[in-house]
Each structure stands twice: as C-alpha cells, then as structure tokens.
$ cat coords_5.pdb   # PDB, C-alpha atoms and all ligand atoms
ATOM      1  CA  MET B  11     156.264-125.235  90.459  1.00  0.00           C
ATOM      2  CA  ASN B  12     153.168-126.537  88.715  1.00  0.00           C
ATOM      3  CA  HIS B  13     150.964-126.306  91.775  1.00  0.00           C
ATOM      4  CA  ARG B  14     149.987-122.773  90.812  1.00  0.00           C
ATOM      5  CA  ILE B  15     148.915-124.011  87.380  1.00  0.00           C
ATOM      6  CA  ASP B  16     147.027-126.891  88.983  1.00  0.00           C
ATOM      7  CA  GLN B  17     145.263-124.312  91.125  1.00  0.00           C
ATOM      8  CA  LEU B  18     143.990-122.539  88.015  1.00  0.00           C
ATOM      9  CA  LEU B  19     142.530-125.783  86.706  1.00  0.00           C
ATOM     10  CA  ARG B  20     140.877-126.473  90.055  1.00  0.00           C
ATOM     11  CA  ASN B  21     139.465-122.939  90.007  1.00  0.00           C
ATOM     12  CA  ASN B  22     138.085-123.665  86.561  1.00  0.00           C
ATOM     13  CA  GLN B  23     136.397-126.799  87.830  1.00  0.00           C
ATOM     14  CA  ALA B  24     134.812-124.759  90.620  1.00  0.00           C
ATOM     15  CA  PHE B  25     133.677-122.181  88.056  1.00  0.00           C
ATOM     16  CA  VAL B  26     131.994-124.902  85.993  1.00  0.00           C
ATOM     17  CA  GLU B  27     130.224-126.319  89.025  1.00  0.00           C
ATOM     18  CA  THR B  28     129.031-122.898  90.192  1.00  0.00           C
ATOM     19  CA  GLN B  29     127.705-121.954  86.745  1.00  0.00           C
ATOM     20  CA  LEU B  30     125.901-125.263  86.331  1.00  0.00           C
ATOM     21  CA  ARG B  31     124.321-124.888  89.751  1.00  0.00           C
ATOM     22  CA  LEU B  32     123.055-121.435  88.791  1.00  0.00           C
ATOM     23  CA  ASP B  33     121.961-122.460  85.300  1.00  0.00           C
ATOM     24  CA  PRO B  34     122.231-126.041  83.980  1.00  0.00           C
ATOM     25  CA  GLY B  35     121.981-124.729  80.395  1.00  0.00           C
ATOM     26  CA  TYR B  36     124.710-122.085  80.787  1.00  0.00           C
ATOM     27  CA  PHE B  37     127.418-123.714  78.667  1.00  0.00           C
ATOM     28  CA  THR B  38     124.976-125.010  76.070  1.00  0.00           C
ATOM     29  CA  GLN B  39     123.875-121.414  75.612  1.00  0.00           C
ATOM     30  CA  LEU B  40     127.462-120.117  75.547  1.00  0.00           C
ATOM     31  CA  ALA B  41     128.449-122.637  72.870  1.00  0.00           C
ATOM     32  CA  MET B  42     125.680-121.460  70.551  1.00  0.00           C
ATOM     33  CA  GLY B  43     127.559-118.279  69.627  1.00  0.00           C
ATOM     34  CA  GLN B  44     128.472-114.785  70.702  1.00  0.00           C
ATOM     35  CA  HIS B  45     126.584-111.522  70.314  1.00  0.00           C
ATOM     36  CA  PRO B  46     128.703-109.086  72.313  1.00  0.00           C
ATOM     37  CA  GLU B  47     127.492-105.520  72.550  1.00  0.00           C
ATOM     38  CA  PHE B  48     130.901-104.105  73.417  1.00  0.00           C
ATOM     39  CA  LEU B  49     134.425-104.103  72.032  1.00  0.00           C
ATOM     40  CA  TRP B  50     137.024-103.391  74.697  1.00  0.00           C
ATOM     41  CA  ILE B  51     140.446-102.076  73.701  1.00  0.00           C
ATOM     42  CA  GLY B  52     142.483-102.049  76.868  1.00  0.00           C
ATOM     43  CA  CYS B  53     145.948-102.377  78.350  1.00  0.00           C
ATOM     44  CA  SER B  54     147.480-105.820  78.889  1.00  0.00           C
ATOM     45  CA  ASP B  55     148.101-104.857  82.528  1.00  0.00           C
ATOM     46  CA  SER B  56     146.985-107.682  84.845  1.00  0.00           C
ATOM     47  CA  ARG B  57     145.242-105.215  87.163  1.00  0.00           C
ATOM     48  CA  VAL B  58     142.674-104.150  84.580  1.00  0.00           C
ATOM     49  CA  PRO B  59     140.550-107.231  83.731  1.00  0.00           C
ATOM     50  CA  PRO B  60     137.674-105.863  81.610  1.00  0.00           C
ATOM     51  CA  ASN B  61     134.858-108.262  82.560  1.00  0.00           C
ATOM     52  CA  HIS B  62     135.747-108.102  86.223  1.00  0.00           C
ATOM     53  CA  ILE B  63     135.752-104.309  86.589  1.00  0.00           C
ATOM     54  CA  THR B  64     132.628-103.768  84.469  1.00  0.00           C
ATOM     55  CA  GLY B  65     130.494-106.550  85.895  1.00  0.00           C
ATOM     56  CA  THR B  66     130.119-108.205  82.504  1.00  0.00           C
ATOM     57  CA  ASP B  67     129.988-111.917  81.703  1.00  0.00           C
ATOM     58  CA  PRO B  68     131.435-114.235  79.070  1.00  0.00           C
ATOM     59  CA  GLY B  69     129.736-113.317  75.804  1.00  0.00           C
ATOM     60  CA  ASP B  70     129.238-109.645  76.666  1.00  0.00           C
ATOM     61  CA  MET B  71     132.508-108.179  75.508  1.00  0.00           C
ATOM     62  CA  PHE B  72     134.865-108.725  72.566  1.00  0.00           C
ATOM     63  CA  VAL B  73     138.361-107.878  73.788  1.00  0.00           C
ATOM     64  CA  HIS B  74     141.637-106.606  72.375  1.00  0.00           C
ATOM     65  CA  ARG B  75     144.478-105.766  74.723  1.00  0.00           C
ATOM     66  CA  ASN B  76     147.999-104.512  74.176  1.00  0.00           C
ATOM     67  CA  ILE B  77     150.569-102.541  76.113  1.00  0.00           C
ATOM     68  CA  ALA B  78     149.265 -98.997  76.744  1.00  0.00           C
ATOM     69  CA  ASN B  79     145.912 -99.672  74.976  1.00  0.00           C
ATOM     70  CA  LEU B  80     147.100 -98.270  71.658  1.00  0.00           C
ATOM     71  CA  VAL B  81     145.135 -97.957  68.428  1.00  0.00           C
ATOM     72  CA  VAL B  82     147.942 -98.034  65.882  1.00  0.00           C
ATOM     73  CA  GLN B  83     146.667 -97.716  62.332  1.00  0.00           C
ATOM     74  CA  THR B  84     149.138-100.287  60.980  1.00  0.00           C
ATOM     75  CA  ASP B  85     148.476-102.904  63.671  1.00  0.00           C
ATOM     76  CA  MET B  86     146.932-105.801  61.741  1.00  0.00           C
ATOM     77  CA  ASN B  87     145.987-107.554  64.957  1.00  0.00           C
ATOM     78  CA  MET B  88     143.968-104.600  66.267  1.00  0.00           C
ATOM     79  CA  LEU B  89     142.469-103.857  62.831  1.00  0.00           C
ATOM     80  CA  SER B  90     141.358-107.472  62.427  1.00  0.00           C
ATOM     81  CA  VAL B  91     139.693-107.472  65.836  1.00  0.00           C
ATOM     82  CA  LEU B  92     138.080-104.122  65.049  1.00  0.00           C
ATOM     83  CA  GLN B  93     136.790-105.196  61.653  1.00  0.00           C
ATOM     84  CA  TYR B  94     135.354-108.443  62.984  1.00  0.00           C
ATOM     85  CA  ALA B  95     133.749-106.682  65.938  1.00  0.00           C
ATOM     86  CA  VAL B  96     132.178-103.927  63.831  1.00  0.00           C
ATOM     87  CA  GLU B  97     131.325-105.679  60.580  1.00  0.00           C
ATOM     88  CA  VAL B  98     130.499-109.202  61.725  1.00  0.00           C
ATOM     89  CA  LEU B  99     129.516-108.963  65.382  1.00  0.00           C
ATOM     90  CA  HIS B 100     127.965-105.491  64.985  1.00  0.00           C
ATOM     91  CA  VAL B 101     129.049-104.256  68.407  1.00  0.00           C
ATOM     92  CA  ARG B 102     127.280-101.064  69.465  1.00  0.00           C
ATOM     93  CA  HIS B 103     130.039 -99.615  71.636  1.00  0.00           C
ATOM     94  CA  ILE B 104     133.831 -99.527  71.475  1.00  0.00           C
ATOM     95  CA  ILE B 105     135.592 -98.653  74.701  1.00  0.00           C
ATOM     96  CA  VAL B 106     139.241 -97.633  74.812  1.00  0.00           C
ATOM     97  CA  CYS B 107     140.273 -97.992  78.433  1.00  0.00           C
ATOM     98  CA  GLY B 108     143.595 -96.879  79.850  1.00  0.00           C
ATOM     99  CA  HIS B 109     144.572 -96.865  83.490  1.00  0.00           C
ATOM    100  CA  HIS B 110     146.486 -94.686  85.893  1.00  0.00           C
ATOM    101  CA  GLY B 111     149.863 -96.176  86.743  1.00  0.00           C
ATOM    102  CA  CYS B 112     150.272 -97.609  83.233  1.00  0.00           C
ATOM    103  CA  GLY B 113     153.810 -98.985  82.881  1.00  0.00           C
ATOM    104  CA  GLY B 114     153.705 -98.583  79.113  1.00  0.00           C
ATOM    105  CA  VAL B 115     152.868 -94.897  79.308  1.00  0.00           C
ATOM    106  CA  LYS B 116     155.473 -94.452  82.050  1.00  0.00           C
ATOM    107  CA  ALA B 117     158.141 -96.130  79.924  1.00  0.00           C
ATOM    108  CA  ALA B 118     157.277 -93.893  76.969  1.00  0.00           C
ATOM    109  CA  MET B 119     157.560 -90.768  79.122  1.00  0.00           C
ATOM    110  CA  GLY B 120     161.112 -91.552  80.212  1.00  0.00           C
ATOM    111  CA  GLU B 121     164.366 -91.158  78.370  1.00  0.00           C
ATOM    112  CA  HIS B 122     165.665 -94.695  78.928  1.00  0.00           C
ATOM    113  CA  SER B 123     165.588 -97.306  76.210  1.00  0.00           C
ATOM    114  CA  HIS B 124     163.534-100.417  76.931  1.00  0.00           C
ATOM    115  CA  GLY B 125     164.414-102.284  73.743  1.00  0.00           C
ATOM    116  CA  LEU B 126     161.874-103.401  71.175  1.00  0.00           C
ATOM    117  CA  ILE B 127     158.953-101.909  73.056  1.00  0.00           C
ATOM    118  CA  ASP B 128     160.299 -98.395  72.400  1.00  0.00           C
ATOM    119  CA  ASN B 129     159.018 -98.817  68.853  1.00  0.00           C
ATOM    120  CA  TRP B 130     155.566 -99.876  70.016  1.00  0.00           C
ATOM    121  CA  LEU B 131     155.353 -96.943  72.428  1.00  0.00           C
ATOM    122  CA  ARG B 132     156.535 -94.390  69.903  1.00  0.00           C
ATOM    123  CA  THR B 133     153.079 -92.863  69.427  1.00  0.00           C
ATOM    124  CA  VAL B 134     152.801 -92.253  73.173  1.00  0.00           C
ATOM    125  CA  LYS B 135     155.966 -90.167  72.946  1.00  0.00           C
ATOM    126  CA  ASP B 136     154.334 -88.247  70.108  1.00  0.00           C
ATOM    127  CA  THR B 137     151.331 -87.539  72.323  1.00  0.00           C
ATOM    128  CA  GLN B 138     153.591 -86.296  75.105  1.00  0.00           C
ATOM    129  CA  GLN B 139     155.422 -84.038  72.709  1.00  0.00           C
ATOM    130  CA  PHE B 140     152.172 -82.752  71.258  1.00  0.00           C
ATOM    131  CA  TYR B 141     150.711 -81.807  74.649  1.00  0.00           C
ATOM    132  CA  TRP B 142     153.991 -80.760  76.241  1.00  0.00           C
ATOM    133  CA  ARG B 143     152.800 -77.223  76.870  1.00  0.00           C
ATOM    134  CA  GLU B 144     150.007 -78.525  79.114  1.00  0.00           C
ATOM    135  CA  LEU B 145     152.057 -81.370  80.576  1.00  0.00           C
ATOM    136  CA  SER B 146     155.150 -79.357  81.445  1.00  0.00           C
ATOM    137  CA  ALA B 147     153.149 -77.233  83.901  1.00  0.00           C
ATOM    138  CA  LEU B 148     152.323 -80.306  86.013  1.00  0.00           C
ATOM    139  CA  ASP B 149     154.373 -82.074  88.673  1.00  0.00           C
ATOM    140  CA  GLU B 150     155.612 -85.572  87.929  1.00  0.00           C
ATOM    141  CA  ASP B 151     152.654 -87.534  89.351  1.00  0.00           C
ATOM    142  CA  ALA B 152     150.014 -85.267  87.837  1.00  0.00           C
ATOM    143  CA  ARG B 153     151.820 -85.328  84.516  1.00  0.00           C
ATOM    144  CA  PHE B 154     151.820 -89.134  84.512  1.00  0.00           C
ATOM    145  CA  ASP B 155     148.072 -89.258  85.268  1.00  0.00           C
ATOM    146  CA  ARG B 156     147.358 -86.652  82.610  1.00  0.00           C
ATOM    147  CA  MET B 157     149.434 -88.488  80.022  1.00  0.00           C
ATOM    148  CA  VAL B 158     147.360 -91.627  80.643  1.00  0.00           C
ATOM    149  CA  GLU B 159     144.207 -89.584  80.043  1.00  0.00           C
ATOM    150  CA  LEU B 160     145.559 -87.833  76.948  1.00  0.00           C
ATOM    151  CA  ASN B 161     146.750 -91.159  75.579  1.00  0.00           C
ATOM    152  CA  VAL B 162     143.218 -92.547  75.819  1.00  0.00           C
ATOM    153  CA  ILE B 163     141.777 -89.493  74.081  1.00  0.00           C
ATOM    154  CA  GLU B 164     144.374 -89.807  71.323  1.00  0.00           C
ATOM    155  CA  GLN B 165     143.577 -93.498  70.863  1.00  0.00           C
ATOM    156  CA  VAL B 166     139.847 -92.780  70.594  1.00  0.00           C
ATOM    157  CA  ASN B 167     140.759 -90.193  68.020  1.00  0.00           C
ATOM    158  CA  SER B 168     142.856 -92.735  66.130  1.00  0.00           C
ATOM    159  CA  LEU B 169     140.043 -95.295  66.388  1.00  0.00           C
ATOM    160  CA  GLY B 170     137.506 -92.885  64.933  1.00  0.00           C
ATOM    161  CA  LYS B 171     139.807 -92.250  61.979  1.00  0.00           C
ATOM    162  CA  THR B 172     140.124 -95.905  60.992  1.00  0.00           C
ATOM    163  CA  SER B 173     138.453 -96.844  57.729  1.00  0.00           C
ATOM    164  CA  ILE B 174     136.432 -99.439  59.645  1.00  0.00           C
ATOM    165  CA  VAL B 175     134.767 -96.954  61.999  1.00  0.00           C
ATOM    166  CA  GLN B 176     134.421 -94.353  59.234  1.00  0.00           C
ATOM    167  CA  ASN B 177     132.711 -96.886  56.950  1.00  0.00           C
ATOM    168  CA  ALA B 178     130.381 -97.944  59.760  1.00  0.00           C
ATOM    169  CA  TRP B 179     129.324 -94.352  60.441  1.00  0.00           C
ATOM    170  CA  ASN B 180     128.972 -93.565  56.730  1.00  0.00           C
ATOM    171  CA  SER B 181     126.680 -96.552  56.298  1.00  0.00           C
ATOM    172  CA  GLY B 182     124.487 -95.344  59.156  1.00  0.00           C
ATOM    173  CA  ALA B 183     125.496 -97.976  61.698  1.00  0.00           C
ATOM    174  CA  ALA B 184     124.838 -97.148  65.360  1.00  0.00           C
ATOM    175  CA  LEU B 185     128.342 -97.264  66.762  1.00  0.00           C
ATOM    176  CA  ALA B 186     129.577 -95.258  69.740  1.00  0.00           C
ATOM    177  CA  LEU B 187     133.179 -94.736  70.872  1.00  0.00           C
ATOM    178  CA  HIS B 188     134.120 -94.120  74.491  1.00  0.00           C
ATOM    179  CA  GLY B 189     137.426 -93.201  76.162  1.00  0.00           C
ATOM    180  CA  TRP B 190     137.822 -94.315  79.763  1.00  0.00           C
ATOM    181  CA  VAL B 191     140.554 -94.398  82.403  1.00  0.00           C
ATOM    182  CA  PHE B 192     140.519 -96.969  85.184  1.00  0.00           C
ATOM    183  CA  ASP B 193     141.785 -95.422  88.408  1.00  0.00           C
ATOM    184  CA  LEU B 194     143.730 -98.131  90.217  1.00  0.00           C
ATOM    185  CA  HIS B 195     143.601 -96.241  93.513  1.00  0.00           C
ATOM    186  CA  SER B 196     139.817 -96.089  93.745  1.00  0.00           C
ATOM    187  CA  GLY B 197     138.728 -98.837  91.351  1.00  0.00           C
ATOM    188  CA  ARG B 198     136.553 -96.320  89.557  1.00  0.00           C
ATOM    189  CA  ILE B 199     136.287 -95.847  85.811  1.00  0.00           C
ATOM    190  CA  LEU B 200     136.689 -92.189  84.850  1.00  0.00           C
ATOM    191  CA  PRO B 201     135.164 -91.332  81.446  1.00  0.00           C
ATOM    192  CA  GLN B 202     137.450 -89.052  79.398  1.00  0.00           C
ATOM    193  CA  THR B 203     135.118 -88.514  76.468  1.00  0.00           C
ATOM    194  CA  GLY B 204     131.399 -88.428  75.942  1.00  0.00           C
ATOM    195  CA  SER B 205     129.709 -90.967  73.715  1.00  0.00           C
ATOM    196  CA  ILE B 206     131.102 -90.318  70.241  1.00  0.00           C
ATOM    197  CA  GLU B 207     128.649 -91.447  67.607  1.00  0.00           C
ATOM    198  CA  SER B 208     129.618 -89.580  64.442  1.00  0.00           C
ATOM    199  CA  SER B 209     132.497 -87.947  62.587  1.00  0.00           C
ATOM    200  CA  ALA B 210     131.138 -84.580  63.713  1.00  0.00           C
ATOM    201  CA  ALA B 211     131.346 -85.616  67.377  1.00  0.00           C
ATOM    202  CA  MET B 212     134.924 -86.740  66.722  1.00  0.00           C
ATOM    203  CA  GLN B 213     135.871 -83.166  65.904  1.00  0.00           C
ATOM    204  CA  GLU B 214     135.217 -82.147  69.487  1.00  0.00           C
ATOM    205  CA  ILE B 215     137.984 -84.331  70.807  1.00  0.00           C
ATOM    206  CA  CYS B 216     140.194 -83.925  67.757  1.00  0.00           C
ATOM    207  CA  LYS B 217     143.491 -82.310  68.651  1.00  0.00           C
ATOM    208  CA  PHE B 218     143.235 -79.800  65.848  1.00  0.00           C
ATOM    209  CA  ALA B 219     140.051 -78.427  67.379  1.00  0.00           C
ATOM    210  CA  ASN B 220     141.109 -78.208  71.005  1.00  0.00           C
ATOM    211  CA  GLY B 221     143.322 -75.163  70.686  1.00  0.00           C
ATOM    212  CA  LEU B 222     146.484 -76.874  71.852  1.00  0.00           C
ATOM    213  CA  VAL B 223     148.047 -77.339  68.481  1.00  0.00           C
ATOM    214  CA  GLY B 224     150.913 -75.148  67.368  1.00  0.00           C
ATOM    215  CA  HIS B 225     152.028 -73.788  70.738  1.00  0.00           C
TER     216      HIS B 225
HETATM  217 CO    CO U   1     148.996-100.207  81.157  1.00  0.00          CO
END

$ encode --input "coords_5.pdb" --output "structure tokens"
Amino acid sequence: MNHRIDQLLRNNQAFVETQLRLDPGYFTQLAMGQHPEFLWIGCSDSRVPPNHITGTDPGDMFVHRNIANLVVQTDMNMLSVLQYAVEVLHVRHIIVCGHHGCGGVKAAMGEHSHGLIDNWLRTVKDTQQFYWRELSALDEDARFDRMVELNVIEQVNSLGKTSIVQNAWNSGAALALHGWVFDLHSGRILPQTGSIESSAAMQEICKFANGLVGH
C-alpha cells in the first residue's frame, strides 16, 4: 500500500537532483524567501494544478484552493491568504480560476443533498438562481459550462468587494484581478474578465450593471 507513497518520495529525490544539475544554487535561493507576483485562487480539483498549467515555478505563485474556487467573505482561511498576499507579499495579480467539469459547481446545480458541503456551495446556488433566466435557455451541458464561467465572474466580483482589495486600490496599489476558466477538454485557459484594476472597472462585471438583475 505504501509503495505509491514511496514513489512520491523517490520522485522528490529525482526533482532535487534535476534542479541541482540545472542550478546548484537553486534551493539556497528558494530558502531566502518568496516574492510571488501572483495569488491564485483555484479549485481543489486534482486536474487543475496551478504551477503546472501556467508554466510557473516554486516562488512564482501564492496559492489558495478550495472546492469550486469560492471567495466567501466570511472565510477566514481565504481572507488570511488574501491579506498576506496583498499586504505583505504585495502580489500584483490575483487570479480566480475555475474549470469546466467542476464537481463542486455540478453538485450545487443539482437537487440532491451532499451533506456538509451543501453549506459551502450555497453561494453557487445563489449564482444559479440569479442567472436562471440566461441559464434556463441552455441545454444541460452548456448550462454547466456557463455556470462555471458565471461562478468565476461572481467570485471575482466578491474578491473585488473585500476590504483587503478595496483598501489596496484606495491606497493606490497596483493590483489587478482576473477571472479565468480552465477548459479540461483542451487544456486552455479561457479568460472570463479583462484585467480589473480599480473599483470603476469592477462595475463592468458587477451583476447590477449587466442588465440581468430583476428579471
Ligand atoms: Co472544481
């Protein structure tokens, strides 16, 4: 049973040897500290490893992951990561990345109970309800894909409303938010928003400005 775990440790040994061959000072440099330019808020799904799909290295990206890549305003874990990334590490970009085929979004779209996680996914149900007019016109597969995209847009919206991002913008910090969807079928990242660098730019993706509210 442990041979799979042993394999991971052997892989790690190979990683060390490869890195040292490429650059004998690699780990000395890594140990000196981190200055990541990006904060990644993504899904816990094993098929969406942020460094791997973006060609980034250790040290490039501060990472927070949870089921369905949610930015929940009362999530102390996410808020702590966000505050540290923005106020201490001074990241320049925050990427919220969802993915087509997201099990969390799928679970939220259904009517079955999945236990505790129903509470976590509650805001995804809210998003579905909010955009139901648009979603109800789509077939099941298209609706699922669209929900993943709308969920990302909603999470970017939620991110931009946090006191941490608002304070950063108000103090003149250069901080850009981005909403992406990773398409599992093609491996491509599909941007869902432009680069959002101010409260004014937030309004463009804000649900109250997109004409869908109230129908
Ligand atoms: Co997912």

$ closest_residue --input "coords_5.pdb" --among "B:Met11, B:Val158, B:Leu185, B:Ile127" --to "ligand CO 1 (chain U)" --atoms "only C-alpha atoms and all ligand atoms"
B:Val158

$ residues_near_ligand --input "coords_5.pdb" --ligand "ligand CO 1 (chain U)" --cutoff "7 Å" --atoms "all atoms listed in the file" --output "ChimeraX atom specification"
/B:53-55,77-79,108-109,111-115

$ atom_distance --input "coords_5.pdb" --atom1 "CA of Gly204 (chain B)" --atom2 "CA of Gly65 (chain B)"
20.7 Å

$ resolve_selection --input "coords_5.pdb" --expression "the PyMOL selection byres (((chain B and resi 189-194) around 12) and not hetatm)" --output "number ranges by chain"
B: 50-53, 55-60, 63-64, 78-81, 103-112, 155-170, 186-188, 195-206, 212, 215

$ axis_aligned_box --input "coords_5.pdb" --around "region 98-105 of chain B" --padding-each-side "5 Å" --output "lines of an AutoDock Vina configuration file"
center_x = 131.4
center_y = -103.9
center_z = 68.2
size_x = 18.3
size_y = 20.5
size_z = 23.0

$ resolve_selection --input "coords_5.pdb" --expression "the PyMOL selection byres (((chain B and resi 178-181) around 10) and not hetatm)" --output "list in words"
Gln93, Val96, Glu97, His100, Gly170, Ser173, Ile174, Val175, Gln176, Asn177, Gly182, Ala183, Ala184, Leu185, Ala186, Glu207, Ser208 and Ser209 of chain B

$ atom_distance --input "coords_5.pdb" --atom1 "CA of Ser146 (chain B)" --atom2 "CA of Gln83 (chain B)"
27.8 Å

$ atom_distance --input "coords_5.pdb" --atom1 "CA of Arg75 (chain B)" --atom2 "CA of Trp130 (chain B)"
13.4 Å

$ closest_residue --input "coords_5.pdb" --among "B:Lys171, B:Val91, B:Gln23, B:His45" --to "Ala210 (chain B)" --atoms "all atoms listed in the file"
B:Lys171

$ residues_near_point --input "coords_5.pdb" --point "(154.9, -87.5, 71.5)" --cutoff "12 Å" --atoms "all atoms listed in the file" --output "VMD selection string"
chain B and resid 115 118 to 120 131 to 143 145 157 160 to 161 164

$ closest_residue --input "coords_5.pdb" --among "B:Thr28, B:Thr84, B:Asn21, B:Gln44" --to "Val101 (chain B)" --atoms "only C-alpha atoms"
B:Gln44

$ residues_around --input "coords_5.pdb" --residues "Gly69 (chain B)" --least-positions-apart "3" --cutoff "9 Å" --atoms "only C-alpha atoms" --output "short mmCIF file (atom, residue, chain, number, x, y, z; two decimals) with C-alpha atoms, in the frame of the given file"
data_model
loop_
_atom_site.label_atom_id
_atom_site.label_comp_id
_atom_site.auth_asym_id
_atom_site.auth_seq_id
_atom_site.Cartn_x
_atom_site.Cartn_y
_atom_site.Cartn_z
CA LEU B 40 127.46 -120.12 75.55
CA GLY B 43 127.56 -118.28 69.63
CA GLN B 44 128.47 -114.78 70.70
CA HIS B 45 126.58 -111.52 70.31
CA PRO B 46 128.70 -109.09 72.31
CA GLU B 47 127.49 -105.52 72.55
CA THR B 66 130.12 -108.20 82.50
CA PHE B 72 134.86 -108.72 72.57
#

$ residues_around --input "coords_5.pdb" --residues "Asn87 (chain B)" --least-positions-apart "4" --cutoff "10 Å" --atoms "only C-alpha atoms" --output "list in words"
His74, Asn76, Val82, Val91 and Leu92 of chain B

$ closest_residue --input "coords_5.pdb" --among "B:Ala117, B:Ala24, B:Met71, B:Leu148" --to "Asn129 (chain B)" --atoms "all atoms listed in the file"
B:Ala117

$ decode --input "coords_5.pdb" --residues "region 137-149 of chain B" --atoms "N, CA, C and O atoms" --output "mmCIF file, in the first residue's frame"
data_model
loop_
_atom_site.group_PDB
_atom_site.id
_atom_site.type_symbol
_atom_site.label_atom_id
_atom_site.label_comp_id
_atom_site.auth_asym_id
_atom_site.auth_seq_id
_atom_site.Cartn_x
_atom_site.Cartn_y
_atom_site.Cartn_z
ATOM 1 N N THR B 137 -25.874 31.971 -7.236
ATOM 2 C CA THR B 137 -25.474 32.433 -8.567
ATOM 3 C C THR B 137 -26.385 31.820 -9.640
ATOM 4 O O THR B 137 -26.835 32.498 -10.562
ATOM 5 N N GLN B 138 -26.656 30.528 -9.477
ATOM 6 C CA GLN B 138 -27.537 29.862 -10.445
ATOM 7 C C GLN B 138 -28.924 30.499 -10.457
ATOM 8 O O GLN B 138 -29.500 30.754 -11.520
ATOM 9 N N GLN B 139 -29.413 30.765 -9.267
ATOM 10 C CA GLN B 139 -30.735 31.377 -9.153
ATOM 11 C C GLN B 139 -30.732 32.768 -9.787
ATOM 12 O O GLN B 139 -31.660 33.144 -10.502
ATOM 13 N N PHE B 140 -29.662 33.491 -9.529
ATOM 14 C CA PHE B 140 -29.563 34.870 -10.015
ATOM 15 C C PHE B 140 -29.570 34.937 -11.540
ATOM 16 O O PHE B 140 -30.168 35.820 -12.147
ATOM 17 N N TYR B 141 -28.872 33.979 -12.167
ATOM 18 C CA TYR B 141 -28.727 33.997 -13.629
ATOM 19 C C TYR B 141 -29.662 32.997 -14.310
ATOM 20 O O TYR B 141 -29.417 32.614 -15.445
ATOM 21 N N TRP B 142 -30.693 32.571 -13.599
ATOM 22 C CA TRP B 142 -31.533 31.492 -14.115
ATOM 23 C C TRP B 142 -32.158 31.818 -15.465
ATOM 24 O O TRP B 142 -32.335 30.948 -16.325
ATOM 25 N N ARG B 143 -32.468 33.074 -15.678
ATOM 26 C CA ARG B 143 -33.088 33.463 -16.948
ATOM 27 C C ARG B 143 -32.168 33.109 -18.117
ATOM 28 O O ARG B 143 -32.603 32.571 -19.133
ATOM 29 N N GLU B 144 -30.884 33.418 -17.967
ATOM 30 C CA GLU B 144 -29.906 33.074 -19.011
ATOM 31 C C GLU B 144 -29.650 31.564 -19.046
ATOM 32 O O GLU B 144 -29.627 30.947 -20.115
ATOM 33 N N LEU B 145 -29.527 30.975 -17.869
ATOM 34 C CA LEU B 145 -29.145 29.559 -17.785
ATOM 35 C C LEU B 145 -30.242 28.623 -18.270
ATOM 36 O O LEU B 145 -29.972 27.588 -18.880
ATOM 37 N N SER B 146 -31.483 28.995 -18.005
ATOM 38 C CA SER B 146 -32.598 28.089 -18.319
ATOM 39 C C SER B 146 -32.775 27.896 -19.823
ATOM 40 O O SER B 146 -33.382 26.926 -20.268
ATOM 41 N N ALA B 147 -32.220 28.809 -20.612
ATOM 42 C CA ALA B 147 -32.340 28.699 -22.076
ATOM 43 C C ALA B 147 -31.325 27.712 -22.657
ATOM 44 O O ALA B 147 -31.400 27.370 -23.841
ATOM 45 N N LEU B 148 -30.398 27.242 -21.835
ATOM 46 C CA LEU B 148 -29.315 26.382 -22.328
ATOM 47 C C LEU B 148 -29.609 24.907 -22.063
ATOM 48 O O LEU B 148 -30.343 24.580 -21.130
ATOM 49 N N ASP B 149 -29.007 24.030 -22.892
ATOM 50 C CA ASP B 149 -29.140 22.599 -22.578
ATOM 51 C C ASP B 149 -28.216 22.270 -21.402
ATOM 52 O O ASP B 149 -27.433 23.105 -20.958
#
